[in-house]
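Q: PDB, C-alpha atoms and all ligand atoms, saved as my_file-v6.pdb, coming up:
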ATOM      1  CA  MET A 165       0.591  -4.459 -16.416
ATOM      2  CA  THR A 166      -1.255  -6.713 -13.907
ATOM      3  CA  THR A 167       0.585  -7.679 -10.755
ATOM      4  CA  ILE A 168       1.602 -11.333 -10.525
ATOM      5  CA  THR A 169       0.314 -12.918  -7.311
ATOM      6  CA  GLU A 170       0.740 -16.297  -5.678
ATOM      7  CA  ALA A 171      -3.031 -16.816  -5.472
ATOM      8  CA  ALA A 172      -3.672 -16.009  -9.128
ATOM      9  CA  THR A 173      -0.994 -18.446 -10.346
ATOM     10  CA  SER A 174      -1.605 -21.279  -7.842
ATOM     11  CA  LYS A 175      -2.431 -24.716  -9.302
ATOM     12  CA  PHE A 176      -2.698 -28.346  -8.195
ATOM     13  CA  VAL A 177      -2.044 -31.522 -10.151
ATOM     14  CA  ARG A 178      -2.252 -35.220  -9.327
ATOM     15  CA  ILE A 179       0.861 -37.077 -10.462
ATOM     16  CA  GLN A 180       1.534 -40.783 -10.855
ATOM     17  CA  GLU A 181       5.167 -41.584 -11.417
ATOM     18  CA  GLY A 182       6.064 -45.193 -10.624
ATOM     19  CA  ASP A 183       4.981 -45.771  -7.017
ATOM     20  CA  LEU A 184       4.662 -42.037  -6.426
ATOM     21  CA  ASP A 185       1.002 -41.047  -6.401
ATOM     22  CA  LEU A 186       0.337 -37.648  -4.882
ATOM     23  CA  GLN A 187      -0.997 -34.150  -5.342
ATOM     24  CA  LEU A 188       1.523 -31.429  -6.052
ATOM     25  CA  HIS A 189       1.081 -27.702  -5.790
ATOM     26  CA  TYR A 190       2.785 -25.396  -8.269
ATOM     27  CA  ASN A 191       2.617 -21.852  -9.553
ATOM     28  CA  ASP A 192       2.381 -21.348 -13.299
ATOM     29  CA  VAL A 193       3.359 -17.851 -14.406
ATOM     30  CA  GLY A 194       3.761 -16.298 -17.868
ATOM     31  CA  GLN A 195       3.302 -17.750 -21.317
ATOM     32  CA  GLY A 196       6.691 -17.941 -23.008
ATOM     33  CA  ALA A 197       7.687 -20.576 -25.569
ATOM     34  CA  GLU A 198      10.520 -21.635 -23.238
ATOM     35  CA  THR A 199       9.907 -22.661 -19.633
ATOM     36  CA  VAL A 200      12.076 -22.153 -16.566
ATOM     37  CA  VAL A 201      11.322 -24.443 -13.612
ATOM     38  CA  MET A 202      12.405 -23.116 -10.209
ATOM     39  CA  LEU A 203      12.996 -25.629  -7.383
ATOM     40  CA  HIS A 204      13.154 -24.417  -3.790
ATOM     41  CA  GLY A 205      15.415 -25.394  -0.876
ATOM     42  CA  SER A 206      14.727 -27.659   2.089
ATOM     43  CA  GLY A 207      14.273 -25.130   4.901
ATOM     44  CA  PRO A 208      11.100 -25.320   7.014
ATOM     45  CA  GLY A 209       8.343 -23.212   5.460
ATOM     46  CA  ALA A 210      10.120 -22.969   2.084
ATOM     47  CA  SER A 211       8.081 -22.952  -1.134
ATOM     48  CA  GLY A 212       8.697 -22.036  -4.741
ATOM     49  CA  TRP A 213       7.026 -18.685  -4.232
ATOM     50  CA  ALA A 214       8.845 -17.930  -0.938
ATOM     51  CA  ASN A 215      12.274 -18.778  -2.371
ATOM     52  CA  PHE A 216      11.970 -17.055  -5.742
ATOM     53  CA  ASN A 217       9.676 -14.063  -5.151
ATOM     54  CA  ARG A 218      12.402 -11.649  -6.338
ATOM     55  CA  ASN A 219      13.019 -13.584  -9.556
ATOM     56  CA  ILE A 220       9.644 -14.571 -11.009
ATOM     57  CA  GLU A 221       8.619 -11.266 -12.556
ATOM     58  CA  PRO A 222      11.948 -10.482 -14.288
ATOM     59  CA  PHE A 223      11.896 -13.938 -15.923
ATOM     60  CA  VAL A 224       8.280 -13.559 -17.019
ATOM     61  CA  ASN A 225       9.014 -10.064 -18.363
ATOM     62  CA  ALA A 226      11.945 -11.534 -20.316
ATOM     63  CA  GLY A 227       9.485 -13.857 -22.078
ATOM     64  CA  TYR A 228       9.720 -17.107 -20.104
ATOM     65  CA  ARG A 229       6.954 -19.253 -18.634
ATOM     66  CA  VAL A 230       7.939 -19.909 -15.015
ATOM     67  CA  ILE A 231       6.880 -23.047 -13.121
ATOM     68  CA  LEU A 232       7.483 -23.102  -9.359
ATOM     69  CA  MET A 233       7.051 -26.648  -8.058
ATOM     70  CA  ASP A 234       6.472 -27.179  -4.353
ATOM     71  CA  CYS A 235       8.338 -30.410  -3.638
ATOM     72  CA  PRO A 236       6.524 -33.318  -1.936
ATOM     73  CA  GLY A 237       6.468 -32.505   1.776
ATOM     74  CA  TRP A 238       6.529 -28.718   1.371
ATOM     75  CA  SER A 239       3.934 -25.973   1.324
ATOM     76  CA  LYS A 240       0.636 -26.976  -0.336
ATOM     77  CA  SER A 241       1.971 -30.223  -1.849
ATOM     78  CA  ASP A 242       1.054 -33.546  -0.236
ATOM     79  CA  PRO A 243       2.951 -34.761   2.847
ATOM     80  CA  ILE A 244       5.474 -37.580   2.604
ATOM     81  CA  VAL A 245       7.971 -39.442   4.777
ATOM     82  CA  ASN A 246      11.036 -40.064   2.639
ATOM     83  CA  THR A 247      13.573 -42.715   3.571
ATOM     84  CA  GLY A 248      15.514 -42.896   0.292
ATOM     85  CA  SER A 249      17.164 -40.186  -1.823
ATOM     86  CA  ARG A 250      15.150 -36.980  -1.563
ATOM     87  CA  SER A 251      16.974 -35.667  -4.640
ATOM     88  CA  ASP A 252      15.573 -38.636  -6.620
ATOM     89  CA  LEU A 253      12.125 -38.235  -5.056
ATOM     90  CA  ASN A 254      11.938 -34.584  -6.157
ATOM     91  CA  ALA A 255      13.274 -35.497  -9.609
ATOM     92  CA  ARG A 256      10.502 -38.077 -10.014
ATOM     93  CA  ALA A 257       7.924 -35.560  -8.815
ATOM     94  CA  LEU A 258       9.165 -33.042 -11.381
ATOM     95  CA  LYS A 259       8.951 -35.613 -14.175
ATOM     96  CA  GLY A 260       5.383 -36.391 -13.090
ATOM     97  CA  LEU A 261       4.495 -32.701 -13.089
ATOM     98  CA  LEU A 262       6.028 -32.042 -16.522
ATOM     99  CA  ASP A 263       4.261 -35.084 -18.003
ATOM    100  CA  ALA A 264       0.951 -34.045 -16.445
ATOM    101  CA  ILE A 265       1.066 -30.493 -17.803
ATOM    102  CA  GLY A 266       2.565 -31.432 -21.159
ATOM    103  CA  LEU A 267       6.012 -29.868 -20.956
ATOM    104  CA  ASP A 268       8.780 -31.723 -22.764
ATOM    105  CA  LYS A 269      11.977 -29.770 -22.203
ATOM    106  CA  VAL A 270      12.697 -27.118 -19.552
ATOM    107  CA  HIS A 271      15.490 -25.025 -18.104
ATOM    108  CA  ILE A 272      15.838 -25.546 -14.350
ATOM    109  CA  VAL A 273      16.978 -23.171 -11.598
ATOM    110  CA  GLY A 274      17.595 -25.104  -8.383
ATOM    111  CA  ASN A 275      18.256 -23.638  -4.956
ATOM    112  CA  SER A 276      20.132 -25.889  -2.488
ATOM    113  CA  MET A 277      17.919 -29.013  -2.205
ATOM    114  CA  GLY A 278      16.396 -27.781  -5.471
ATOM    115  CA  ALA A 279      19.871 -27.885  -7.052
ATOM    116  CA  HIS A 280      20.534 -31.419  -5.735
ATOM    117  CA  SER A 281      17.173 -32.390  -7.276
ATOM    118  CA  THR A 282      18.003 -30.647 -10.574
ATOM    119  CA  VAL A 283      21.132 -32.788 -10.960
ATOM    120  CA  ALA A 284      19.140 -35.943 -10.136
ATOM    121  CA  PHE A 285      16.515 -34.942 -12.738
ATOM    122  CA  ALA A 286      19.145 -34.197 -15.412
ATOM    123  CA  LEU A 287      20.825 -37.582 -14.815
ATOM    124  CA  ALA A 288      17.519 -39.459 -15.092
ATOM    125  CA  ASN A 289      16.025 -37.392 -17.941
ATOM    126  CA  PRO A 290      18.865 -35.896 -20.011
ATOM    127  CA  ALA A 291      16.657 -35.220 -23.050
ATOM    128  CA  ARG A 292      14.242 -33.122 -20.989
ATOM    129  CA  VAL A 293      16.669 -30.442 -19.805
ATOM    130  CA  GLY A 294      17.767 -27.274 -21.542
ATOM    131  CA  LYS A 295      20.181 -25.277 -19.384
ATOM    132  CA  LEU A 296      20.782 -25.797 -15.661
ATOM    133  CA  ILE A 297      21.385 -23.209 -12.956
ATOM    134  CA  LEU A 298      22.619 -24.723  -9.676
ATOM    135  CA  MET A 299      22.705 -22.426  -6.691
ATOM    136  CA  GLY A 300      24.106 -23.390  -3.293
ATOM    137  CA  GLY A 301      23.773 -27.087  -4.110
ATOM    138  CA  GLY A 302      23.962 -29.754  -6.803
ATOM    139  CA  THR A 303      25.247 -32.738  -4.896
ATOM    140  CA  GLY A 304      25.442 -33.939  -1.353
ATOM    141  CA  GLY A 305      28.770 -35.172  -0.060
ATOM    142  CA  PRO A 306      31.705 -33.743   1.814
ATOM    143  CA  SER A 307      33.308 -30.330   1.895
ATOM    144  CA  GLN A 308      37.108 -30.383   1.875
ATOM    145  CA  PHE A 309      37.277 -27.435   4.267
ATOM    146  CA  VAL A 310      34.180 -27.183   6.445
ATOM    147  CA  PRO A 311      33.055 -29.740   9.061
ATOM    148  CA  MET A 312      29.743 -31.324   8.138
ATOM    149  CA  PRO A 313      26.921 -31.096   8.901
ATOM    150  CA  THR A 314      27.521 -27.361   8.639
ATOM    151  CA  GLU A 315      26.318 -24.894  11.270
ATOM    152  CA  GLY A 316      23.427 -23.884   8.978
ATOM    153  CA  ILE A 317      22.220 -27.445   8.404
ATOM    154  CA  LYS A 318      22.363 -28.073  12.180
ATOM    155  CA  LEU A 319      20.202 -24.971  12.723
ATOM    156  CA  ILE A 320      17.686 -26.196  10.111
ATOM    157  CA  GLY A 321      17.453 -29.494  12.020
ATOM    158  CA  ALA A 322      16.884 -27.654  15.312
ATOM    159  CA  LEU A 323      14.161 -25.531  13.710
ATOM    160  CA  TYR A 324      12.373 -28.580  12.297
ATOM    161  CA  ARG A 325      12.422 -30.229  15.724
ATOM    162  CA  ASP A 326      11.402 -27.091  17.628
ATOM    163  CA  PRO A 327       9.671 -24.593  15.283
ATOM    164  CA  THR A 328       9.824 -21.392  17.329
ATOM    165  CA  ILE A 329      10.445 -17.801  16.260
ATOM    166  CA  GLU A 330      13.712 -17.857  18.264
ATOM    167  CA  ASN A 331      15.010 -20.876  16.345
ATOM    168  CA  LEU A 332      13.836 -19.356  13.065
ATOM    169  CA  LYS A 333      15.819 -16.181  13.791
ATOM    170  CA  ARG A 334      18.885 -18.249  14.745
ATOM    171  CA  MET A 335      18.707 -20.041  11.397
ATOM    172  CA  MET A 336      17.955 -16.972   9.261
ATOM    173  CA  ASN A 337      20.797 -14.999  10.861
ATOM    174  CA  VAL A 338      23.240 -17.577   9.520
ATOM    175  CA  PHE A 339      21.340 -17.965   6.249
ATOM    176  CA  VAL A 340      22.113 -14.560   4.725
ATOM    177  CA  TYR A 341      25.251 -12.391   4.784
ATOM    178  CA  ASP A 342      23.545  -9.083   5.586
ATOM    179  CA  THR A 343      20.955  -9.696   8.284
ATOM    180  CA  SER A 344      19.765  -6.066   8.218
ATOM    181  CA  HIS A 345      17.508  -7.047   5.279
ATOM    182  CA  LEU A 346      15.610  -9.576   7.387
ATOM    183  CA  THR A 347      12.420  -7.802   8.400
ATOM    184  CA  ASP A 348       9.864  -8.744  11.060
ATOM    185  CA  GLU A 349       7.406  -9.198   8.198
ATOM    186  CA  LEU A 350       9.704 -11.755   6.537
ATOM    187  CA  PHE A 351      10.197 -13.672   9.809
ATOM    188  CA  GLN A 352       6.442 -13.702  10.444
ATOM    189  CA  ALA A 353       5.584 -14.874   6.914
ATOM    190  CA  ARG A 354       8.119 -17.685   7.187
ATOM    191  CA  LEU A 355       6.866 -18.691  10.655
ATOM    192  CA  ASP A 356       3.270 -18.736   9.386
ATOM    193  CA  ASN A 357       4.318 -20.930   6.427
ATOM    194  CA  MET A 358       6.066 -23.355   8.785
ATOM    195  CA  LEU A 359       3.299 -23.623  11.337
ATOM    196  CA  ALA A 360       0.583 -23.982   8.696
ATOM    197  CA  ARG A 361       1.953 -27.458   7.942
ATOM    198  CA  ARG A 362       3.195 -29.107  11.129
ATOM    199  CA  ASP A 363       2.770 -32.468   9.344
ATOM    200  CA  HIS A 364       5.546 -31.434   6.920
ATOM    201  CA  LEU A 365       7.845 -30.495   9.823
ATOM    202  CA  GLU A 366       7.217 -33.789  11.628
ATOM    203  CA  ASN A 367       7.678 -35.799   8.432
ATOM    204  CA  PHE A 368      11.017 -34.107   7.730
ATOM    205  CA  VAL A 369      12.255 -35.087  11.196
ATOM    206  CA  LYS A 370      11.018 -38.683  10.702
ATOM    207  CA  SER A 371      12.670 -38.833   7.273
ATOM    208  CA  SER A 372      16.019 -37.475   8.493
ATOM    209  CA  THR A 373      15.998 -39.843  11.462
ATOM    210  CA  ALA A 374      15.346 -42.831   9.185
ATOM    211  CA  ASN A 375      17.936 -41.672   6.635
ATOM    212  CA  PRO A 376      20.280 -38.804   7.589
ATOM    213  CA  LYS A 377      21.724 -38.802   4.031
ATOM    214  CA  GLN A 378      18.649 -37.456   2.222
ATOM    215  CA  PHE A 379      20.899 -35.910  -0.454
ATOM    216  CA  PRO A 380      23.433 -38.508  -1.636
ATOM    217  CA  ASP A 381      26.783 -37.693  -3.182
ATOM    218  CA  LEU A 382      26.271 -37.641  -6.977
ATOM    219  CA  GLY A 383      29.870 -36.508  -7.605
ATOM    220  CA  HIS A 384      30.837 -39.708  -9.445
ATOM    221  CA  ARG A 385      28.037 -39.142 -12.019
ATOM    222  CA  LEU A 386      28.497 -35.428 -12.752
ATOM    223  CA  GLY A 387      30.469 -36.190 -15.945
ATOM    224  CA  GLU A 388      27.288 -37.641 -17.482
ATOM    225  CA  ILE A 389      25.604 -34.227 -17.550
ATOM    226  CA  SER A 390      26.003 -32.609 -20.964
ATOM    227  CA  ALA A 391      23.701 -29.621 -20.386
ATOM    228  CA  GLN A 392      25.248 -26.163 -20.178
ATOM    229  CA  THR A 393      25.336 -25.381 -16.476
ATOM    230  CA  LEU A 394      25.769 -22.185 -14.505
ATOM    231  CA  VAL A 395      26.796 -22.788 -10.895
ATOM    232  CA  ILE A 396      26.145 -19.867  -8.529
ATOM    233  CA  TRP A 397      27.386 -19.604  -4.952
ATOM    234  CA  GLY A 398      27.641 -17.175  -2.056
ATOM    235  CA  ARG A 399      31.202 -16.901  -0.724
ATOM    236  CA  ASP A 400      29.754 -16.681   2.782
ATOM    237  CA  ASP A 401      27.439 -19.698   2.472
ATOM    238  CA  ARG A 402      27.322 -21.365   5.913
ATOM    239  CA  PHE A 403      24.843 -24.106   4.815
ATOM    240  CA  VAL A 404      26.444 -25.699   1.766
ATOM    241  CA  PRO A 405      30.089 -24.582   1.514
ATOM    242  CA  MET A 406      31.476 -22.984  -1.628
ATOM    243  CA  ASP A 407      33.936 -25.777  -2.398
ATOM    244  CA  VAL A 408      30.952 -27.979  -3.281
ATOM    245  CA  GLY A 409      30.549 -25.557  -6.215
ATOM    246  CA  LEU A 410      34.167 -26.276  -7.216
ATOM    247  CA  ARG A 411      33.375 -30.007  -7.195
ATOM    248  CA  LEU A 412      30.456 -29.291  -9.528
ATOM    249  CA  ILE A 413      32.512 -27.415 -12.117
ATOM    250  CA  TRP A 414      35.233 -30.048 -11.862
ATOM    251  CA  GLY A 415      32.673 -32.762 -12.631
ATOM    252  CA  ILE A 416      30.201 -31.207 -15.083
ATOM    253  CA  PRO A 417      31.994 -30.709 -18.419
ATOM    254  CA  ASN A 418      29.995 -27.653 -19.609
ATOM    255  CA  ALA A 419      29.863 -25.788 -16.305
ATOM    256  CA  GLN A 420      30.979 -22.351 -15.176
ATOM    257  CA  LEU A 421      30.936 -20.853 -11.662
ATOM    258  CA  HIS A 422      29.925 -17.393 -10.474
ATOM    259  CA  VAL A 423      30.712 -16.503  -6.850
ATOM    260  CA  PHE A 424      29.057 -13.525  -5.156
ATOM    261  CA  ASN A 425      30.963 -12.000  -2.262
ATOM    262  CA  GLN A 426      28.975 -10.726   0.723
ATOM    263  CA  CYS A 427      26.421 -13.451   0.044
ATOM    264  CA  GLY A 428      25.108 -16.363   2.089
ATOM    265  CA  HIS A 429      22.906 -19.277   1.046
ATOM    266  CA  TRP A 430      20.248 -17.237  -0.746
ATOM    267  CA  ALA A 431      21.995 -15.653  -3.771
ATOM    268  CA  GLN A 432      18.743 -15.306  -5.723
ATOM    269  CA  TRP A 433      17.353 -13.121  -2.935
ATOM    270  CA  GLU A 434      20.411 -11.329  -1.557
ATOM    271  CA  HIS A 435      21.735 -10.327  -4.997
ATOM    272  CA  ALA A 436      18.451 -10.571  -6.887
ATOM    273  CA  ASP A 437      19.082  -7.944  -9.593
ATOM    274  CA  THR A 438      22.514  -9.258 -10.562
ATOM    275  CA  PHE A 439      21.314 -12.847 -10.222
ATOM    276  CA  ASN A 440      18.408 -12.192 -12.584
ATOM    277  CA  ARG A 441      20.614 -10.469 -15.198
ATOM    278  CA  LEU A 442      23.275 -13.188 -14.951
ATOM    279  CA  VAL A 443      20.834 -16.076 -15.375
ATOM    280  CA  LEU A 444      18.795 -14.397 -18.139
ATOM    281  CA  ASP A 445      22.007 -13.678 -20.054
ATOM    282  CA  PHE A 446      23.121 -17.311 -19.585
ATOM    283  CA  LEU A 447      19.774 -18.572 -20.868
ATOM    284  CA  THR A 448      19.886 -16.330 -23.932
ATOM    285  CA  HIS A 449      23.453 -16.965 -25.183
TER     286      HIS A 449
HETATM  287  O1  LIG B 501      21.159 -30.138   3.213
HETATM  288  C1  LIG B 501      21.335 -29.650   2.101
HETATM  289  O2  LIG B 501      22.286 -29.976   1.365
HETATM  290  C2  LIG B 501      20.375 -28.660   1.578
HETATM  291  C3  LIG B 501      19.879 -27.688   2.373
HETATM  292  C4  LIG B 501      18.856 -26.809   1.848
HETATM  293  O3  LIG B 501      18.234 -27.089   0.835
HETATM  294  C5  LIG B 501      18.540 -25.631   2.600
HETATM  295  C6  LIG B 501      17.752 -24.681   1.999
HETATM  296  C7  LIG B 501      17.092 -23.660   2.698
HETATM  297  C8  LIG B 501      16.259 -22.794   2.023
HETATM  298  O4  LIG B 501      16.397 -22.546   0.746
HETATM  299  C9  LIG B 501      15.168 -22.093   2.672
HETATM  300  O5  LIG B 501      14.539 -21.255   2.039
HETATM  301  O6  LIG B 501      14.942 -22.366   3.852
END
What does the file become when written as structure tokens?
Ligand SMILES: O=C(O)/C=C/C(=O)/C=C/C=C(\O)C(=O)O
A:
Amino acid sequence: MTTITEAATSKFVRIQEGDLDLQLHYNDVGQGAETVVMLHGSGPGASGWANFNRNIEPFVNAGYRVILMDCPGWSKSDPIVNTGSRSDLNARALKGLLDAIGLDKVHIVGNSMGAHSTVAFALANPARVGKLILMGGGTGGPSQFVPMPTEGIKLIGALYRDPTIENLKRMMNVFVYDTSHLTDELFQARLDNMLARRDHLENFVKSSTANPKQFPDLGHRLGEISAQTLVIWGRDDRFVPMDVGLRLIWGIPNAQLHVFNQCGHWAQWEHADTFNRLVLDFLTH
């Protein structure tokens, strides 16, 4: 079997969706009849490939086509300053991508910002979603238990403003439960990703200054989502607290919640094998 690489699956597309006219980067992997879109989180240096590198191959081997969209303002996608809802912006970008590459209906796995954007996409395009997997996100809005912004979100802000290896380590040490898995190689790769696009870092700071609520509270609209939804959370998530997951299963009628213990904000990476089995089983049944 040939090894799947980022370079071999890397693609660009120009999208025009309303007033949104930009070039997006995505990875297109596998050839299944059903497609799973994976949407990354909002950390500096994040990308579809960086967030989901432990998940792509198992999904492709299970027979799915996997699309990893780099959101506007991340990785190799075009830069943008966003002053409105970033969840809606990403949802519009995804619609533009799906239209451009001729995909009608997809399952979506969203991580943090990617989960907020998945909910926004499902609300705007209900006929285009199969099943939804929301991980460490799904709506902005308050936690009942944890002061907000959380310590993790504050550390992301500090890293965007001052992108040093020290600030990256501070953020990543809060990001995962078991920091012994964070290697020098991983830190370096993430730092390289961040510094390769200083325009993205500066634009994120400009956007957050203009509108600190980039991810609005969609709680009042969750009841409109009819798609079967699997919500996944880390008990030890210090970025988006676990009770946000409880709000999601309270609001979305066909939702269930799986909580990993000993898990921070990166369930798909920290518990990759179980995560992959859980999601593949959910997609099949
Ligand atoms: O502010 C929020 O609600 C969302 C925060 C995130 O999306 C953070 C995500 C971080 C990553 O996934 C990353 O890889 O850095």
Q: Within 6 Å of ligand LIG 501 (chain B) (counting only C-alpha atoms and all ligand atoms), which residues show up? I'd like them as a list in words.
A: His204, Gly205, Ser206, Gly207, Pro208, Ala210, Asn215, Ser276, Met277, Gly304, Ile317 and Val404 of chain A
Q: Counting all atoms listed in the file, figure out which residue out of A:Asp400, A:Asp437, A:Asp363, A:Asp185 gets nearest to Gly316 in chain A.
A: A:Asp400
Q: Would you please work out which residue, of A:Asp401, A:Glu366, A:Glu388, A:Glu170, is nearest to Asn425 in chain A when using all atoms listed in the file?
A: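 Among A:Asp401, A:Glu366, A:Glu388, A:Glu170, it is A:Asp401 that comes nearest to Asn425 in chain A.
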Q: Which is closest to Asp407 in chain A among A:Met202, A:Ile179, A:Leu421, A:Val193, if we use only C-alpha atoms?
A: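 Ranking A:Met202, A:Ile179, A:Leu421, A:Val193 by distance to Asp407 in chain A, first place goes to A:Leu421.
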Q: Using the chain letters and numbers from the file, which residues does the PyMOL selection byres (((chain A and resi 241) around 12) and not hetatm) grab, as a PyMOL selection string?
A: chain A and resi 174-179+185-191+209-212+232-240+242-244+254+257+261+361+363-364
